[in-house]
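Asks: I'd like to ask you about the structure that follows.
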Amino acid sequence: MPDFVDTIYRYDGSYEGFLSAVFESHARREVPAGYLSGESDFLPLAPVREIATDQDKADRVTRGIAKKAGTRSEMLARLAFLSILPDKEIMIDRFIRFALKTGPKISTMYAHEWVNPLEKAVHHLREEAHLLTGFIRFSDYDGVLAAVIDPKNQVLPLLAPHFTDRFPREVFMIFDRTHNQLLASVRGKYTITDATGFALPAPGESERQTRALWRRFFETIAIHGRENPTCQRTHLPLRYRGTMTEFLSEESGTPRQLHAGN
């Protein structure tokens, strides 16, 4: 039986780094008190063990989960890491231990304390990614399509196949300002990289004119006698409007109040 220890495992913030830490904890037969991402500013009081990212160890954990508990369990852990699940490393660690012990039947144990939180978190992740496939607004920067999003979850890995499939001959990028990540796709091949310090340039005259035309269309189709703000917020939550062209002021680029017919 593994021992519960007061040590905190610090990893580099990547999923491979986290799985390397999970591998190390199993090899040492100990359950760490917590995990600390390299990007965290939290100052721990407990002893910290630095864990180097090892792709081979991460792959062994991935294969182990898939072999003993099924590919669905492996995918659930992978997607949960992209979510805003509180204490996600601890929750995923406990899920992995439970999955390795329980086997394939874990796929039907939706109400279990180590399964249910991950299921809910992944549902929220998928739902946000699905909404953004319709809410993202691209702008033209000299032939490169670019968009900015402010998601709660790390949705770029889910958005990448969707937009790359639809724009196979385009060069485009999606900048996640929340997590400082950039999805860049060049004619069907994409990468997701760190984008700390990245900022889009000011749009050109042609792009500004296109945005103005889109705003004019959006306002023109409104049926002001049938305005229903509550219904509008149900179908288009306010938090997504800060990066949508039709809700931004042309001068400042800040959100403004517009009306759309129902």
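If you're wondering about the labels, chains in the structure tokens are A, B, ... by order shown, residues count from 1 in each chain, ligands from 1 in order shown.
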Among range 36-215 of chain A, which residues carry a DSSP assignment of strand (DSSP E), reported as a VMD selection string?

Replies: chain A and resid 36 to 37 48 to 50 139 to 141 144 to 149 171 to 176 181 to 186 189 to 194

Asks: Any chance you could tabulate, as JSON lines, the residues of range 107-191 of chain A at most 12 Å from range 195-209 of chain A with each one's nearest atom pair and distance in Å to one decimal, using only C-alpha atoms, in chain and rising number order?

Replies:
```
{"residue": "A:Phe138", "atom": "CA", "partner": "A:Glu207", "partner_atom": "CA", "distance": 10.3}
{"residue": "A:Ser139", "atom": "CA", "partner": "A:Glu207", "partner_atom": "CA", "distance": 6.8}
{"residue": "A:Asp140", "atom": "CA", "partner": "A:Glu207", "partner_atom": "CA", "distance": 6.2}
{"residue": "A:Tyr141", "atom": "CA", "partner": "A:Pro203", "partner_atom": "CA", "distance": 6.6}
{"residue": "A:Asp142", "atom": "CA", "partner": "A:Gly204", "partner_atom": "CA", "distance": 8.3}
{"residue": "A:Gly143", "atom": "CA", "partner": "A:Glu207", "partner_atom": "CA", "distance": 10.8}
{"residue": "A:Val144", "atom": "CA", "partner": "A:Leu200", "partner_atom": "CA", "distance": 11.3}
{"residue": "A:Leu145", "atom": "CA", "partner": "A:Glu207", "partner_atom": "CA", "distance": 10.8}
{"residue": "A:Ala146", "atom": "CA", "partner": "A:Leu200", "partner_atom": "CA", "distance": 8.2}
{"residue": "A:Ala147", "atom": "CA", "partner": "A:Leu200", "partner_atom": "CA", "distance": 9.0}
{"residue": "A:Val148", "atom": "CA", "partner": "A:Leu200", "partner_atom": "CA", "distance": 8.8}
{"residue": "A:Met173", "atom": "CA", "partner": "A:Leu200", "partner_atom": "CA", "distance": 10.4}
{"residue": "A:Ile174", "atom": "CA", "partner": "A:Leu200", "partner_atom": "CA", "distance": 10.5}
{"residue": "A:Phe175", "atom": "CA", "partner": "A:Ala195", "partner_atom": "CA", "distance": 7.8}
{"residue": "A:Asp176", "atom": "CA", "partner": "A:Ala195", "partner_atom": "CA", "distance": 8.4}
{"residue": "A:Arg177", "atom": "CA", "partner": "A:Ala195", "partner_atom": "CA", "distance": 8.5}
{"residue": "A:Thr178", "atom": "CA", "partner": "A:Thr196", "partner_atom": "CA", "distance": 10.4}
{"residue": "A:His179", "atom": "CA", "partner": "A:Ala195", "partner_atom": "CA", "distance": 8.5}
{"residue": "A:Asn180", "atom": "CA", "partner": "A:Ala195", "partner_atom": "CA", "distance": 4.9}
{"residue": "A:Gln181", "atom": "CA", "partner": "A:Ala195", "partner_atom": "CA", "distance": 4.8}
{"residue": "A:Leu182", "atom": "CA", "partner": "A:Ala195", "partner_atom": "CA", "distance": 5.5}
{"residue": "A:Leu183", "atom": "CA", "partner": "A:Ala195", "partner_atom": "CA", "distance": 9.2}
{"residue": "A:Ala184", "atom": "CA", "partner": "A:Ala195", "partner_atom": "CA", "distance": 10.7}
{"residue": "A:Thr191", "atom": "CA", "partner": "A:Ala195", "partner_atom": "CA", "distance": 11.8}
```

Asks: Considering only C-alpha atoms, give me a table of residues in range 125-147 of chain A that are at most 9 Å from range 154-170 of chain A, with the closest atom pair and distance in Å for each, as a tab-separated table.

Replies:
```
residue	atom	partner	partner_atom	distance
A:Leu125	CA	A:Val155	CA	6.9
A:Arg126	CA	A:Leu158	CA	7.7
A:Glu128	CA	A:Val155	CA	7.5
A:Ala129	CA	A:Val155	CA	5.6
A:His130	CA	A:Leu159	CA	8.2
A:Leu132	CA	A:Leu159	CA	8.1
A:Thr133	CA	A:Leu159	CA	7.1
A:Gly143	CA	A:Glu170	CA	8.5
A:Val144	CA	A:Glu170	CA	7.6
A:Leu145	CA	A:Glu170	CA	7.8
```

Asks: Could you write out the selected residues, including N, CA, C and O atoms, as a PDB file, in the first residue's frame?

Replies:
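Once everything was written out, this is again37.pdb:
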```
ATOM      1  N   LEU A 125     -15.926  21.590 -20.091  1.00  0.00           N
ATOM      2  CA  LEU A 125     -14.890  21.861 -21.083  1.00  0.00           C
ATOM      3  C   LEU A 125     -15.437  21.686 -22.496  1.00  0.00           C
ATOM      4  O   LEU A 125     -15.264  22.563 -23.361  1.00  0.00           O
ATOM      5  N   ARG A 126     -16.094  20.562 -22.747  1.00  0.00           N
ATOM      6  CA  ARG A 126     -16.634  20.284 -24.082  1.00  0.00           C
ATOM      7  C   ARG A 126     -17.719  21.290 -24.461  1.00  0.00           C
ATOM      8  O   ARG A 126     -17.798  21.726 -25.617  1.00  0.00           O
ATOM      9  N   GLU A 128     -18.036  24.413 -23.433  1.00  0.00           N
ATOM     10  CA  GLU A 128     -17.434  25.702 -23.750  1.00  0.00           C
ATOM     11  C   GLU A 128     -16.785  25.671 -25.129  1.00  0.00           C
ATOM     12  O   GLU A 128     -16.915  26.626 -25.912  1.00  0.00           O
ATOM     13  N   ALA A 129     -16.096  24.590 -25.444  1.00  0.00           N
ATOM     14  CA  ALA A 129     -15.474  24.468 -26.766  1.00  0.00           C
ATOM     15  C   ALA A 129     -16.530  24.471 -27.865  1.00  0.00           C
ATOM     16  O   ALA A 129     -16.355  25.102 -28.916  1.00  0.00           O
ATOM     17  N   HIS A 130     -17.638  23.775 -27.619  1.00  0.00           N
ATOM     18  CA  HIS A 130     -18.724  23.732 -28.608  1.00  0.00           C
ATOM     19  C   HIS A 130     -19.302  25.126 -28.847  1.00  0.00           C
ATOM     20  O   HIS A 130     -19.528  25.528 -29.999  1.00  0.00           O
ATOM     21  N   LEU A 132     -17.827  27.988 -28.451  1.00  0.00           N
ATOM     22  CA  LEU A 132     -16.839  28.844 -29.103  1.00  0.00           C
ATOM     23  C   LEU A 132     -16.708  28.555 -30.591  1.00  0.00           C
ATOM     24  O   LEU A 132     -16.268  29.429 -31.348  1.00  0.00           O
ATOM     25  N   THR A 133     -17.083  27.367 -31.038  1.00  0.00           N
ATOM     26  CA  THR A 133     -17.045  27.106 -32.482  1.00  0.00           C
ATOM     27  C   THR A 133     -18.001  28.029 -33.228  1.00  0.00           C
ATOM     28  O   THR A 133     -17.831  28.277 -34.428  1.00  0.00           O
ATOM     29  N   GLY A 143      -3.945  38.489 -44.963  1.00  0.00           N
ATOM     30  CA  GLY A 143      -4.034  37.104 -45.413  1.00  0.00           C
ATOM     31  C   GLY A 143      -4.013  36.065 -44.314  1.00  0.00           C
ATOM     32  O   GLY A 143      -4.238  34.878 -44.570  1.00  0.00           O
ATOM     33  N   VAL A 144      -3.727  36.483 -43.092  1.00  0.00           N
ATOM     34  CA  VAL A 144      -3.741  35.570 -41.946  1.00  0.00           C
ATOM     35  C   VAL A 144      -4.993  35.845 -41.120  1.00  0.00           C
ATOM     36  O   VAL A 144      -5.232  36.984 -40.714  1.00  0.00           O
ATOM     37  N   LEU A 145      -5.794  34.813 -40.900  1.00  0.00           N
ATOM     38  CA  LEU A 145      -6.990  34.958 -40.086  1.00  0.00           C
ATOM     39  C   LEU A 145      -6.615  34.803 -38.617  1.00  0.00           C
ATOM     40  O   LEU A 145      -5.890  33.867 -38.256  1.00  0.00           O
TER      41      LEU A 145
END
```

Asks: Between A:Phe23, A:Phe217, A:Tyr240, A:Tyr15, which has the minimum distance to Glu89 in chain A (counting only C-alpha atoms)?

Replies: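 Closest to Glu89 in chain A, using only C-alpha atoms: A:Tyr15.
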
Asks: Need to verify the contact set: Ile65 in chain A, 7 Å, only C-alpha atoms, exclusion of same-chain residues closer than 6 positions in sequence. Can you return it as a count of residues only?

Replies: 3

Asks: Name the residues of range 6-155 of chain A that come out as alpha helix (DSSP H) in a backbone DSSP run; write them as an MDAnalysis selection string.

Replies: chainID A and resid 15:27 55:69 71:80 88:102 116:135

Asks: Taking only C-alpha atoms into account, name the residue in A:Met75, A:Ile96, A:Val186, A:Val115 that is nearest to Ser25 in chain A.

Replies: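 Residue with the minimum atom-to-atom distance to Ser25 in chain A: A:Ile96.
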
Asks: So what do you get for CA of Ser20 in chain A versus CA of Pro151 in chain A, distance-wise?

Replies: 27.1 Å

Asks: Would you compute the distance between CA of Val171 in chain A and CA of Gly188 in chain A? Give it in Å to one decimal.

Replies: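 Taking CA of Val171 in chain A and CA of Gly188 in chain A, their separation equals 8.4 Å.
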
Asks: Just how far from CA of Pro86 in chain A is CA of Thr62 in chain A, in Å to one decimal?

Replies: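 Between CA of Thr62 in chain A and CA of Pro86 in chain A the gap works out to 22.2 Å.
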
Asks: Which neighbours of Glu119 in chain A fall inside 8 Å, counting only C-alpha atoms, when residues of the same chain fewer than 2 positions from it are skipped, and could you give them as an NGL selection string?

Replies: :A and (76 or 80 or 110 or 115-117 or 121-123)

Asks: Could those residues be written to a file, using N, CA and C atoms, as a CSV table (one decimal), in the first residue's frame?

Replies:
```csv
chain,number,residue,atom,x,y,z
A,76,LEU,N,-10.6,10.6,-20.4
A,76,LEU,CA,-11.2,11.4,-19.3
A,76,LEU,C,-10.1,12.1,-18.5
A,80,ALA,N,-9.7,16.2,-18.5
A,80,ALA,CA,-9.9,16.8,-17.2
A,80,ALA,C,-8.7,17.8,-16.9
A,110,TYR,N,-20.3,6.5,-12.8
A,110,TYR,CA,-20.4,8.0,-13.0
A,110,TYR,C,-20.6,8.7,-11.7
A,115,VAL,N,-14.8,9.8,-9.8
A,115,VAL,CA,-15.1,9.9,-11.3
A,115,VAL,C,-16.1,11.0,-11.6
A,116,ASN,N,-17.1,11.2,-10.8
A,116,ASN,CA,-18.1,12.3,-11.0
A,116,ASN,C,-17.5,13.7,-11.2
A,117,PRO,N,-16.6,14.1,-10.4
A,117,PRO,CA,-16.0,15.5,-10.6
A,117,PRO,C,-15.3,15.6,-12.0
A,121,ALA,N,-16.4,18.2,-15.0
A,121,ALA,CA,-15.4,19.1,-15.5
A,121,ALA,C,-15.2,19.0,-17.0
A,122,VAL,N,-15.2,17.7,-17.5
A,122,VAL,CA,-15.0,17.5,-18.9
A,122,VAL,C,-16.2,17.9,-19.7
A,123,HIS,N,-17.4,17.7,-19.1
A,123,HIS,CA,-18.6,18.2,-19.8
A,123,HIS,C,-18.6,19.7,-19.9
```

Asks: Can you tell me which residues surround Tyr11 in chain A at a distance of at most 10 Å, considering only C-alpha atoms, apart from same-chain residues fewer than 4 positions away, and format the answer as JSON, numbers by chain?

Replies: {"A": [15, 16, 17, 18, 19, 20, 21, 35, 36, 37, 38, 39, 49, 50, 51, 52, 53]}
